[in-house]
Every structure is written in C-alpha cells, then in structure tokens.
>>> print(open('data11.cif').read())   # mmCIF, C-alpha atoms and all ligand atoms
data_structure
loop_
_atom_site.label_atom_id
_atom_site.label_comp_id
_atom_site.auth_asym_id
_atom_site.auth_seq_id
_atom_site.Cartn_x
_atom_site.Cartn_y
_atom_site.Cartn_z
CA MET T 2 -87.62 49.13 -67.37
CA ARG T 3 -86.56 50.27 -63.89
CA TYR T 4 -83.52 47.93 -63.75
CA ASN T 5 -81.49 46.43 -66.61
CA ARG T 6 -78.83 44.65 -64.56
CA VAL T 7 -79.55 42.99 -61.24
CA LEU T 8 -77.77 40.86 -58.71
CA ILE T 9 -80.02 38.30 -57.02
CA LYS T 10 -79.14 37.03 -53.53
CA LEU T 11 -80.72 33.66 -52.77
CA SER T 12 -80.30 31.74 -49.56
CA GLY T 13 -79.27 28.13 -49.83
CA GLY T 14 -82.61 27.35 -48.19
CA ALA T 15 -84.34 28.41 -51.43
CA LEU T 16 -82.98 25.20 -53.02
CA ALA T 17 -84.26 23.06 -50.16
CA GLY T 18 -87.92 24.10 -50.46
CA GLU T 19 -89.96 22.47 -47.69
CA ARG T 20 -86.98 20.50 -46.42
CA THR T 21 -84.70 21.69 -43.65
CA TRP T 22 -81.58 20.90 -45.66
CA GLY T 23 -80.45 19.50 -49.00
CA PHE T 24 -82.35 19.93 -52.24
CA GLU T 25 -85.90 19.76 -53.49
CA PRO T 26 -86.36 19.56 -57.28
CA ILE T 27 -89.61 21.57 -57.23
CA ALA T 28 -87.86 24.43 -55.41
CA ILE T 29 -84.87 24.33 -57.75
CA ASN T 30 -87.08 24.41 -60.83
CA HIS T 31 -89.05 27.33 -59.36
CA ILE T 32 -85.79 29.27 -59.05
CA ALA T 33 -84.77 28.37 -62.60
CA LYS T 34 -88.12 29.44 -64.08
CA GLU T 35 -88.20 32.75 -62.20
CA VAL T 36 -84.65 33.60 -63.26
CA ILE T 37 -85.19 32.60 -66.88
CA GLU T 38 -88.41 34.66 -67.15
CA LEU T 39 -86.58 37.68 -65.78
CA HIS T 40 -83.68 37.15 -68.15
CA ARG T 41 -86.04 36.80 -71.14
CA MET T 42 -87.46 40.23 -70.28
CA GLY T 43 -84.04 41.58 -71.19
CA VAL T 44 -82.64 41.94 -67.67
CA GLU T 45 -78.97 41.01 -67.15
CA VAL T 46 -78.72 38.64 -64.21
CA GLY T 47 -75.99 37.79 -61.72
CA ILE T 48 -76.74 35.46 -58.81
CA VAL T 49 -75.08 34.90 -55.45
CA VAL T 50 -76.43 31.85 -53.67
CA GLY T 51 -75.75 30.91 -50.04
CA GLY T 52 -74.92 27.47 -48.71
CA GLY T 53 -77.14 27.16 -45.65
CA ASN T 54 -79.00 24.12 -47.04
CA ILE T 55 -75.68 22.25 -46.84
CA PHE T 56 -73.46 23.92 -44.25
CA ARG T 57 -72.87 27.24 -42.50
CA GLY T 58 -69.58 28.11 -40.82
CA GLU T 59 -71.22 29.08 -37.52
CA LEU T 60 -72.51 25.50 -37.21
CA GLY T 61 -68.97 24.12 -37.26
CA GLU T 62 -67.97 26.15 -34.23
CA GLY T 63 -70.41 24.16 -32.11
CA TRP T 64 -68.77 20.99 -33.36
CA GLY T 65 -65.31 22.19 -32.39
CA ILE T 66 -64.24 22.91 -35.98
CA GLU T 67 -62.14 26.05 -36.27
CA ARG T 68 -64.14 28.91 -37.77
CA ALA T 69 -61.92 29.54 -40.78
CA GLU T 70 -62.06 25.84 -41.72
CA ALA T 71 -65.82 25.70 -41.18
CA ASP T 72 -66.33 28.80 -43.34
CA ASN T 73 -64.28 27.24 -46.13
CA ILE T 74 -66.66 24.27 -46.03
CA GLY T 75 -69.59 26.73 -46.21
CA MET T 76 -68.05 28.43 -49.23
CA VAL T 77 -67.63 25.12 -51.03
CA ALA T 78 -71.34 24.50 -50.29
CA THR T 79 -72.15 27.63 -52.29
CA VAL T 80 -70.17 26.20 -55.22
CA ILE T 81 -72.30 23.04 -55.10
CA ASN T 82 -75.47 25.17 -55.05
CA SER T 83 -74.23 27.32 -57.93
CA MET T 84 -73.50 24.23 -60.02
CA MET T 85 -76.93 22.82 -59.14
CA LEU T 86 -78.53 26.04 -60.37
CA ARG T 87 -76.41 26.04 -63.53
CA GLY T 88 -77.72 22.53 -64.22
CA ALA T 89 -81.34 23.51 -63.54
CA LEU T 90 -81.17 26.76 -65.51
CA THR T 91 -79.67 24.93 -68.48
CA SER T 92 -82.22 22.11 -68.38
CA ASN T 93 -85.01 24.70 -68.22
CA GLY T 94 -83.77 26.33 -71.44
CA ALA T 95 -81.18 28.96 -70.49
CA ASP T 96 -78.47 28.66 -73.12
CA ASN T 97 -75.49 30.42 -71.56
CA VAL T 98 -74.97 30.04 -67.84
CA ARG T 99 -71.60 30.57 -66.17
CA VAL T 100 -70.38 29.67 -62.71
CA MET T 101 -67.51 31.87 -61.55
CA THR T 102 -65.93 30.95 -58.24
CA ALA T 103 -63.77 32.88 -55.78
CA ILE T 104 -62.19 29.56 -54.71
CA PRO T 105 -60.48 28.03 -57.76
CA ILE T 106 -61.98 24.69 -58.84
CA ASN T 107 -60.92 24.93 -62.44
CA SER T 108 -62.33 21.76 -63.86
CA VAL T 109 -65.94 22.59 -62.94
CA ALA T 110 -66.13 26.40 -62.84
CA GLU T 111 -64.35 29.51 -64.06
CA PRO T 112 -62.30 31.61 -61.66
CA TYR T 113 -63.99 34.85 -60.67
CA ILE T 114 -62.45 37.70 -62.65
CA ARG T 115 -64.44 40.91 -62.37
CA LEU T 116 -64.03 42.21 -65.92
CA ARG T 117 -64.73 38.80 -67.37
CA ALA T 118 -67.91 38.55 -65.29
CA ILE T 119 -69.00 41.95 -66.65
CA HIS T 120 -68.22 40.74 -70.17
CA HIS T 121 -70.39 37.64 -69.63
CA LEU T 122 -73.26 39.83 -68.41
CA ASP T 123 -72.85 42.20 -71.37
CA ARG T 124 -73.15 39.17 -73.67
CA GLY T 125 -76.35 38.02 -72.00
CA CYS T 126 -75.01 35.12 -69.92
CA ILE T 127 -76.58 34.36 -66.55
CA VAL T 128 -73.65 34.47 -64.14
CA LEU T 129 -73.55 32.55 -60.84
CA LEU T 130 -70.99 33.97 -58.43
CA ALA T 131 -69.88 31.14 -56.18
CA ALA T 132 -67.72 30.78 -53.05
CA GLY T 133 -68.68 34.17 -51.64
CA THR T 134 -65.71 36.46 -51.21
CA GLY T 135 -63.31 33.51 -51.07
CA ASN T 136 -62.56 34.52 -47.47
CA PRO T 137 -63.93 33.29 -44.14
CA TYR T 138 -65.69 35.25 -41.35
CA VAL T 139 -68.54 36.56 -43.47
CA THR T 140 -71.74 35.05 -44.87
CA THR T 141 -72.95 35.44 -48.46
CA ASP T 142 -74.79 38.67 -47.60
CA TYR T 143 -71.53 40.58 -47.81
CA PRO T 144 -70.37 39.19 -51.18
CA SER T 145 -73.84 39.74 -52.63
CA VAL T 146 -73.41 43.48 -52.04
CA LEU T 147 -69.76 43.32 -53.08
CA ARG T 148 -70.45 41.56 -56.38
CA ALA T 149 -73.42 43.82 -57.12
CA LEU T 150 -71.11 46.82 -56.80
CA GLU T 151 -68.24 45.24 -58.72
CA LEU T 152 -70.50 44.19 -61.59
CA ARG T 153 -72.33 47.53 -61.71
CA ALA T 154 -75.73 46.04 -60.94
CA GLN T 155 -78.40 48.70 -60.41
CA ILE T 156 -80.03 46.82 -57.57
CA LEU T 157 -79.52 43.91 -55.20
CA LEU T 158 -82.63 41.73 -55.19
CA SER T 159 -82.69 40.03 -51.78
CA ALA T 160 -84.95 36.98 -52.10
CA LYS T 161 -86.74 35.81 -48.95
CA ASN T 162 -88.90 32.80 -48.34
CA GLY T 163 -91.97 33.23 -46.17
CA THR T 164 -91.97 37.04 -45.96
CA ASP T 165 -92.77 39.68 -48.53
CA GLY T 166 -90.77 42.59 -47.11
CA ILE T 167 -89.79 44.44 -43.95
CA TYR T 168 -92.50 45.18 -41.37
CA THR T 169 -92.80 47.54 -38.42
CA SER T 170 -93.12 44.45 -36.22
CA ASP T 171 -93.59 40.71 -36.72
CA PRO T 172 -96.77 40.32 -38.83
CA GLN T 173 -97.16 36.72 -37.55
CA ILE T 174 -97.60 38.12 -34.04
CA ASN T 175 -99.02 41.64 -34.51
CA THR T 176 -102.00 42.00 -36.80
CA ASP T 177 -101.38 45.78 -36.99
CA ALA T 178 -97.80 45.34 -38.30
CA ARG T 179 -97.26 47.41 -41.45
CA ARG T 180 -94.92 46.84 -44.33
CA TYR T 181 -92.36 49.44 -45.32
CA LYS T 182 -92.43 50.58 -48.92
CA THR T 183 -88.98 52.09 -48.45
CA ILE T 184 -86.73 51.98 -45.41
CA SER T 185 -83.40 53.73 -44.92
CA TYR T 186 -80.13 51.91 -44.39
CA ASP T 187 -79.87 53.75 -41.06
CA THR T 188 -83.20 52.43 -39.79
CA VAL T 189 -82.23 48.88 -40.74
CA ILE T 190 -78.92 49.26 -38.89
CA GLN T 191 -80.22 51.16 -35.83
CA LYS T 192 -83.18 48.82 -35.27
CA ASN T 193 -80.88 45.86 -35.94
CA LEU T 194 -83.45 44.41 -38.35
CA ARG T 195 -82.08 41.02 -39.26
CA VAL T 196 -82.85 41.26 -42.92
CA MET T 197 -79.15 41.06 -43.87
CA ASP T 198 -75.84 41.14 -42.04
CA GLN T 199 -75.05 44.64 -40.82
CA THR T 200 -71.66 44.68 -42.57
CA ALA T 201 -73.44 44.05 -45.87
CA VAL T 202 -75.97 46.84 -45.25
CA LEU T 203 -73.13 49.22 -44.34
CA LEU T 204 -71.24 48.40 -47.53
CA ALA T 205 -74.41 49.02 -49.53
CA LYS T 206 -75.01 52.31 -47.72
CA GLU T 207 -71.46 53.57 -48.26
CA ASN T 208 -71.77 52.91 -51.97
CA SER T 209 -75.45 53.83 -52.44
CA LEU T 210 -76.53 50.40 -53.61
CA SER T 211 -80.26 49.91 -52.97
CA ILE T 212 -81.50 46.52 -51.80
CA HIS T 213 -84.95 45.27 -52.71
CA VAL T 214 -86.30 42.67 -50.27
CA PHE T 215 -89.11 40.52 -51.67
CA ASP T 216 -90.90 37.17 -51.38
CA PHE T 217 -89.29 34.68 -53.72
CA ASP T 218 -92.26 32.33 -53.44
CA ALA T 219 -94.53 34.90 -55.11
CA PRO T 220 -94.53 34.18 -58.85
CA SER T 221 -92.95 36.84 -61.11
CA ALA T 222 -91.98 39.12 -58.19
CA MET T 223 -88.61 39.95 -59.73
CA GLN T 224 -90.21 40.85 -63.05
CA GLN T 225 -92.63 43.15 -61.25
CA ILE T 226 -89.78 44.84 -59.37
CA CYS T 227 -87.78 45.39 -62.57
CA ARG T 228 -90.84 46.86 -64.30
CA GLY T 229 -91.18 49.35 -61.44
CA GLU T 230 -94.13 47.90 -59.54
CA ASP T 231 -94.40 48.31 -55.76
CA VAL T 232 -93.49 44.86 -54.49
CA GLY T 233 -91.60 44.08 -51.28
CA THR T 234 -89.50 46.69 -49.46
CA LEU T 235 -86.73 48.88 -50.85
CA ILE T 236 -83.76 49.62 -48.56
CA THR T 237 -82.27 52.88 -49.71
CA GLN T 238 -81.22 56.42 -48.76
CA GLY T 239 -83.82 58.83 -47.40
CA GLN T 240 -87.08 58.72 -45.47
CA ASP T 241 -88.89 55.61 -44.32
CA GLU T 242 -92.26 55.14 -45.98
CA LEU T 243 -95.00 52.67 -45.11
CA PHE T 244 -97.53 51.16 -47.50
CA ALA T 245 -100.90 52.90 -47.15
N1 LIG A 301 -68.95 31.92 -46.37
C1 LIG A 301 -67.70 32.47 -46.10
N2 LIG A 301 -67.29 33.56 -46.82
C2 LIG A 301 -68.06 34.14 -47.78
C3 LIG A 301 -69.33 33.60 -48.02
C4 LIG A 301 -69.75 32.48 -47.31
O1 LIG A 301 -66.97 32.00 -45.25
O2 LIG A 301 -67.62 35.13 -48.40
C5 LIG A 301 -69.36 30.69 -45.66
C6 LIG A 301 -69.94 30.97 -44.27
O3 LIG A 301 -69.54 29.91 -43.43
C7 LIG A 301 -71.44 30.87 -44.51
C8 LIG A 301 -71.50 29.77 -45.54
O4 LIG A 301 -70.38 30.04 -46.38
O5 LIG A 301 -72.14 30.54 -43.36
C9 LIG A 301 -72.76 29.67 -46.35
O6 LIG A 301 -73.26 30.93 -46.68
P1 LIG A 301 -74.55 31.59 -45.94
O7 LIG A 301 -74.52 31.32 -44.49
O8 LIG A 301 -74.58 33.01 -46.36
O9 LIG A 301 -75.73 30.79 -46.62
P2 LIG A 301 -77.30 31.15 -46.61
O10 LIG A 301 -77.70 31.39 -45.18
O11 LIG A 301 -77.50 32.38 -47.44
O12 LIG A 301 -77.93 29.94 -47.22
#
>>> encode(input="data11.cif", output="structure tokens", more="lines below")
Ligand code: UDP
Amino acid sequence: MRYNRVLIKLSGGALAGERTWGFEPIAINHIAKEVIELHRMGVEVGIVVGGGNIFRGELGEGWGIERAEADNIGMVATVINSMMLRGALTSNGADNVRVMTAIPINSVAEPYIRLRAIHHLDRGCIVLLAAGTGNPYVTTDYPSVLRALELRAQILLSAKNGTDGIYTSDPQINTDARRYKTISYDTVIQKNLRVMDQTAVLLAKENSLSIHVFDFDAPSAMQQICRGEDVGTLITQGQDELFA
C-alpha cells in the first residue's frame, strides 16, 4: 500500500450534491461509502470537511457582518457537517467514528487534542476534525494541511467535484489542455492555480506534505490512490510532469 494514513479534505459542497447549498442524502451516502471502503482496505482515515454548503465567512462581509464573527459561523458550519458525516458513516456500518472539534461543544463532540486524535487513528477510528483551526481568517484548506501534519498523515487527499486533477489550462474551454501527473508546489503558487489557498500550499511545501488532488465523484478513486495507481494530480516537490 502506498499510504497507510491519510487526511481527506472535502468541501462542504460535497454534502450538497447537485444542490447549491444544504444537504443531499445521495451525496452524503456516497461520501460515507467511499470513506468506509477505504477504511476497510486498512487505511487510517482523518477527515476535514468545509462548511461552504452552509456558510462561508467571506459571504458575511457582504452582509456587513464582521469577518471574525462570520468566520466563527463558518467554523460552526463545519461542525454540523462533521456530525452529519458521523451519522452517515455510522448508519453505513462504520463502528467507531469520532468528531473532534477545535471549538469546544462538549455535549456533541470531543475537543481536539492532537495526541488523542492520533490514538483514535491508531485504534482504527475514523476521525472527523471539525471547526478548522478554531481561528478566523482562514478557510478549511489551511487546517486540512495542519491536521495532516499534526496527525502524521502520509498524504492529504484533496477531493474535488467536477474535475479530476490539475490541467495546463481549463479543459472545459481548451480541448488541448493536459493534466499534470505531478506538479510542484512552486508551480501551483507561481501560477496562482486556485486548487487550494496559497497559505495552505505554502505550509505543505515547508513541511514536505504532498497533496493528491482527485475527482471525488469517481468511484473508488481514494482506494486507487492509496494502492499507488495514477489517478488525479500529485502536488509535491520536484519537476512538473504531464500525463502522456
Ligand atoms: N473557517 C475559519 N477558520 C478555519 C476554518 C474555517 O474561520 O480554520 C471558516 C471560514 O469562514 C470558511 C468557513 O469556515 O469560509 C467554511 O469553510 P470553507 O470555506 O473552507 O468551506 P468549503 O469551501 O471547503 O466548503
């Protein structure tokens, strides 16, 4: 197996499916099944989920809500999504799922304590890491890299909907666009490719955490990645390489 411990970053939109916001049961069950299959392969799984299907802090600014307040609302949205996924994972047969939150909400989730989270992963629990960093002014891209590093994940699996990797140009517009097999952190930053927030890519670069971008709608993509198959695009150190 190429990876034994992974951190999956899902956008809140993954829970909304075809809808522009909220939840869609089909989409939620798809997430649960994909995660459980991966876990049953013997891969230890942590998950950071965003909150964009409910609320993003940047939206609040336009409404006149102070950014720090709006971001707190966004973080609480990620707690709701994490609890939703705990429910779906459990009802789909996962027997030990934990939600750990950076904002204390003790009656519904455990506080995030790094060594305890590692202990849960060692014991085979699926661990949902909610409320981002617990601090405003970032999105969940940054805490997905942060938690991956803290929990000693070997890879950050960055799940996308509607694209299967990073291309030389927009494949919807240019038929000759080609997909990268690997792309360096520097290329992602210099070309300002909006695959993740730049601060998150920089943190990954400084700590040599590779990020695998893939299409979450494609069945079993995460299993294929963990087995070592060439799926999606790997952001890492070194030379850029295109698929033949
Ligand atoms: N957020 C925050 N600090 C964090 C993580 C998230 O303030 O450490 C807030 C921020 O407002 C963000 C929102 O939570 O917009 C929801 O997360 P995100 O936008 O990453 O959701 P996604 O786009 O992945 O669904």
>>> closest_residue(input="data11.cif", among="T:Ile29, T:Glu59, T:Gln225, T:Leu194", to="Ser170 in chain T", atoms="all atoms listed in the file")
T:Leu194
>>> closest_residue(input="data11.cif", among="T:Val7, T:Ala160, T:Ile27, T:Val128", to="ligand LIG 301 (chain A)", atoms="all atoms listed in the file")
T:Ala160
>>> residues_near_point(input="data11.cif", point="(-92.8, 51.7, -45.5)", cutoff="12 Å", atoms="only C-alpha atoms", output="ChimeraX atom specification")
/T:166-170,178-185,188-189,231-237,239-245
>>> residues_around(input="data11.cif", residues="Asn162 in chain T", least_positions_apart="4", cutoff="8 Å", atoms="all atoms listed in the file", output="list in words")
Ala15, Asp216, Phe217 and Asp218 of chain T
>>> axis_aligned_box(input="data11.cif", around="range 3-17 of chain T", padding_each_side="8 Å", output="AutoDock Vina command-line options")
--center_x -82.2 --center_y 36.7 --center_z -57.4 --size_x 24.8 --size_y 43.2 --size_z 34.4
>>> residues_near_ligand(input="data11.cif", ligand="ligand LIG 301 (chain A)", cutoff="9 Å", atoms="all atoms listed in the file", output="PyMOL selection string")
chain T and resi 10-15+49-61+68-79+103+131-145
>>> closest_residue(input="data11.cif", among="T:His31, T:Lys206, T:Arg20, T:Arg3", to="Leu150 in chain T", atoms="only C-alpha atoms")
T:Lys206
>>> decode(input="data11.cif", residues="range 182-212 of chain T", atoms="N, CA and C atoms", output="PDB file, in the first residue's frame")
ATOM      1  N   LYS T 182       0.506  14.996 -14.059  1.00  0.00           N
ATOM      2  CA  LYS T 182       0.627  13.797 -13.218  1.00  0.00           C
ATOM      3  C   LYS T 182       1.183  14.236 -11.868  1.00  0.00           C
ATOM      4  N   THR T 183       2.259  15.023 -11.922  1.00  0.00           N
ATOM      5  CA  THR T 183       2.768  15.686 -10.717  1.00  0.00           C
ATOM      6  C   THR T 183       3.021  17.150 -11.048  1.00  0.00           C
ATOM      7  N   ILE T 184       2.847  17.985 -10.060  1.00  0.00           N
ATOM      8  CA  ILE T 184       3.104  19.416 -10.221  1.00  0.00           C
ATOM      9  C   ILE T 184       3.769  19.894  -8.932  1.00  0.00           C
ATOM     10  N   SER T 185       4.731  20.796  -9.066  1.00  0.00           N
ATOM     11  CA  SER T 185       5.453  21.238  -7.869  1.00  0.00           C
ATOM     12  C   SER T 185       4.641  22.275  -7.101  1.00  0.00           C
ATOM     13  N   TYR T 186       4.927  22.381  -5.819  1.00  0.00           N
ATOM     14  CA  TYR T 186       4.293  23.419  -5.005  1.00  0.00           C
ATOM     15  C   TYR T 186       4.548  24.784  -5.652  1.00  0.00           C
ATOM     16  N   ASP T 187       5.797  24.975  -6.122  1.00  0.00           N
ATOM     17  CA  ASP T 187       6.175  26.286  -6.673  1.00  0.00           C
ATOM     18  C   ASP T 187       5.330  26.651  -7.892  1.00  0.00           C
ATOM     19  N   THR T 188       5.079  25.667  -8.760  1.00  0.00           N
ATOM     20  CA  THR T 188       4.247  25.962  -9.940  1.00  0.00           C
ATOM     21  C   THR T 188       2.835  26.346  -9.508  1.00  0.00           C
ATOM     22  N   VAL T 189       2.302  25.626  -8.541  1.00  0.00           N
ATOM     23  CA  VAL T 189       0.942  25.933  -8.066  1.00  0.00           C
ATOM     24  C   VAL T 189       0.893  27.354  -7.516  1.00  0.00           C
ATOM     25  N   ILE T 190       1.937  27.735  -6.773  1.00  0.00           N
ATOM     26  CA  ILE T 190       1.956  29.071  -6.162  1.00  0.00           C
ATOM     27  C   ILE T 190       2.205  30.145  -7.225  1.00  0.00           C
ATOM     28  N   GLN T 191       3.241  29.929  -8.072  1.00  0.00           N
ATOM     29  CA  GLN T 191       3.593  30.958  -9.060  1.00  0.00           C
ATOM     30  C   GLN T 191       2.471  31.206 -10.062  1.00  0.00           C
ATOM     31  N   LYS T 192       1.829  30.116 -10.509  1.00  0.00           N
ATOM     32  CA  LYS T 192       0.738  30.288 -11.494  1.00  0.00           C
ATOM     33  C   LYS T 192      -0.580  30.642 -10.818  1.00  0.00           C
ATOM     34  N   ASN T 193      -0.533  30.732  -9.483  1.00  0.00           N
ATOM     35  CA  ASN T 193      -1.728  31.065  -8.705  1.00  0.00           C
ATOM     36  C   ASN T 193      -2.906  30.156  -9.088  1.00  0.00           C
ATOM     37  N   LEU T 194      -2.609  28.850  -9.200  1.00  0.00           N
ATOM     38  CA  LEU T 194      -3.660  27.886  -9.530  1.00  0.00           C
ATOM     39  C   LEU T 194      -4.558  27.752  -8.313  1.00  0.00           C
ATOM     40  N   ARG T 195      -5.848  27.947  -8.517  1.00  0.00           N
ATOM     41  CA  ARG T 195      -6.735  28.059  -7.358  1.00  0.00           C
ATOM     42  C   ARG T 195      -7.228  26.695  -6.877  1.00  0.00           C
ATOM     43  N   VAL T 196      -6.288  25.801  -6.746  1.00  0.00           N
ATOM     44  CA  VAL T 196      -6.663  24.463  -6.313  1.00  0.00           C
ATOM     45  C   VAL T 196      -6.848  24.413  -4.796  1.00  0.00           C
ATOM     46  N   MET T 197      -6.079  25.243  -4.099  1.00  0.00           N
ATOM     47  CA  MET T 197      -6.162  25.382  -2.628  1.00  0.00           C
ATOM     48  C   MET T 197      -5.672  26.767  -2.282  1.00  0.00           C
ATOM     49  N   ASP T 198      -5.993  27.249  -1.087  1.00  0.00           N
ATOM     50  CA  ASP T 198      -5.450  28.541  -0.664  1.00  0.00           C
ATOM     51  C   ASP T 198      -3.924  28.497  -0.654  1.00  0.00           C
ATOM     52  N   GLN T 199      -3.318  29.605  -1.058  1.00  0.00           N
ATOM     53  CA  GLN T 199      -1.850  29.639  -1.145  1.00  0.00           C
ATOM     54  C   GLN T 199      -1.188  29.381   0.215  1.00  0.00           C
ATOM     55  N   THR T 200      -1.783  29.904   1.284  1.00  0.00           N
ATOM     56  CA  THR T 200      -1.179  29.692   2.612  1.00  0.00           C
ATOM     57  C   THR T 200      -1.111  28.198   2.933  1.00  0.00           C
ATOM     58  N   ALA T 201      -2.124  27.465   2.511  1.00  0.00           N
ATOM     59  CA  ALA T 201      -2.158  26.022   2.764  1.00  0.00           C
ATOM     60  C   ALA T 201      -1.067  25.321   1.944  1.00  0.00           C
ATOM     61  N   VAL T 202      -0.916  25.732   0.676  1.00  0.00           N
ATOM     62  CA  VAL T 202       0.104  25.105  -0.179  1.00  0.00           C
ATOM     63  C   VAL T 202       1.495  25.405   0.385  1.00  0.00           C
ATOM     64  N   LEU T 203       1.677  26.642   0.865  1.00  0.00           N
ATOM     65  CA  LEU T 203       2.982  27.007   1.446  1.00  0.00           C
ATOM     66  C   LEU T 203       3.301  26.178   2.688  1.00  0.00           C
ATOM     67  N   LEU T 204       2.305  25.990   3.538  1.00  0.00           N
ATOM     68  CA  LEU T 204       2.522  25.174   4.743  1.00  0.00           C
ATOM     69  C   LEU T 204       2.886  23.743   4.358  1.00  0.00           C
ATOM     70  N   ALA T 205       2.206  23.226   3.339  1.00  0.00           N
ATOM     71  CA  ALA T 205       2.516  21.870   2.867  1.00  0.00           C
ATOM     72  C   ALA T 205       3.938  21.814   2.316  1.00  0.00           C
ATOM     73  N   LYS T 206       4.298  22.829   1.531  1.00  0.00           N
ATOM     74  CA  LYS T 206       5.641  22.863   0.943  1.00  0.00           C
ATOM     75  C   LYS T 206       6.723  22.894   2.029  1.00  0.00           C
ATOM     76  N   GLU T 207       6.532  23.780   3.000  1.00  0.00           N
ATOM     77  CA  GLU T 207       7.553  23.933   4.048  1.00  0.00           C
ATOM     78  C   GLU T 207       7.762  22.650   4.841  1.00  0.00           C
ATOM     79  N   ASN T 208       6.731  21.808   4.866  1.00  0.00           N
ATOM     80  CA  ASN T 208       6.815  20.596   5.673  1.00  0.00           C
ATOM     81  C   ASN T 208       6.771  19.315   4.837  1.00  0.00           C
ATOM     82  N   SER T 209       6.948  19.503   3.510  1.00  0.00           N
ATOM     83  CA  SER T 209       7.022  18.368   2.578  1.00  0.00           C
ATOM     84  C   SER T 209       5.830  17.417   2.678  1.00  0.00           C
ATOM     85  N   LEU T 210       4.648  17.991   2.801  1.00  0.00           N
ATOM     86  CA  LEU T 210       3.438  17.164   2.761  1.00  0.00           C
ATOM     87  C   LEU T 210       2.896  17.198   1.327  1.00  0.00           C
ATOM     88  N   SER T 211       2.814  16.052   0.682  1.00  0.00           N
ATOM     89  CA  SER T 211       2.253  16.021  -0.673  1.00  0.00           C
ATOM     90  C   SER T 211       0.731  16.072  -0.606  1.00  0.00           C
ATOM     91  N   ILE T 212       0.158  16.639  -1.674  1.00  0.00           N
ATOM     92  CA  ILE T 212      -1.302  16.794  -1.749  1.00  0.00           C
ATOM     93  C   ILE T 212      -1.773  16.111  -3.029  1.00  0.00           C
TER      94      ILE T 212
END
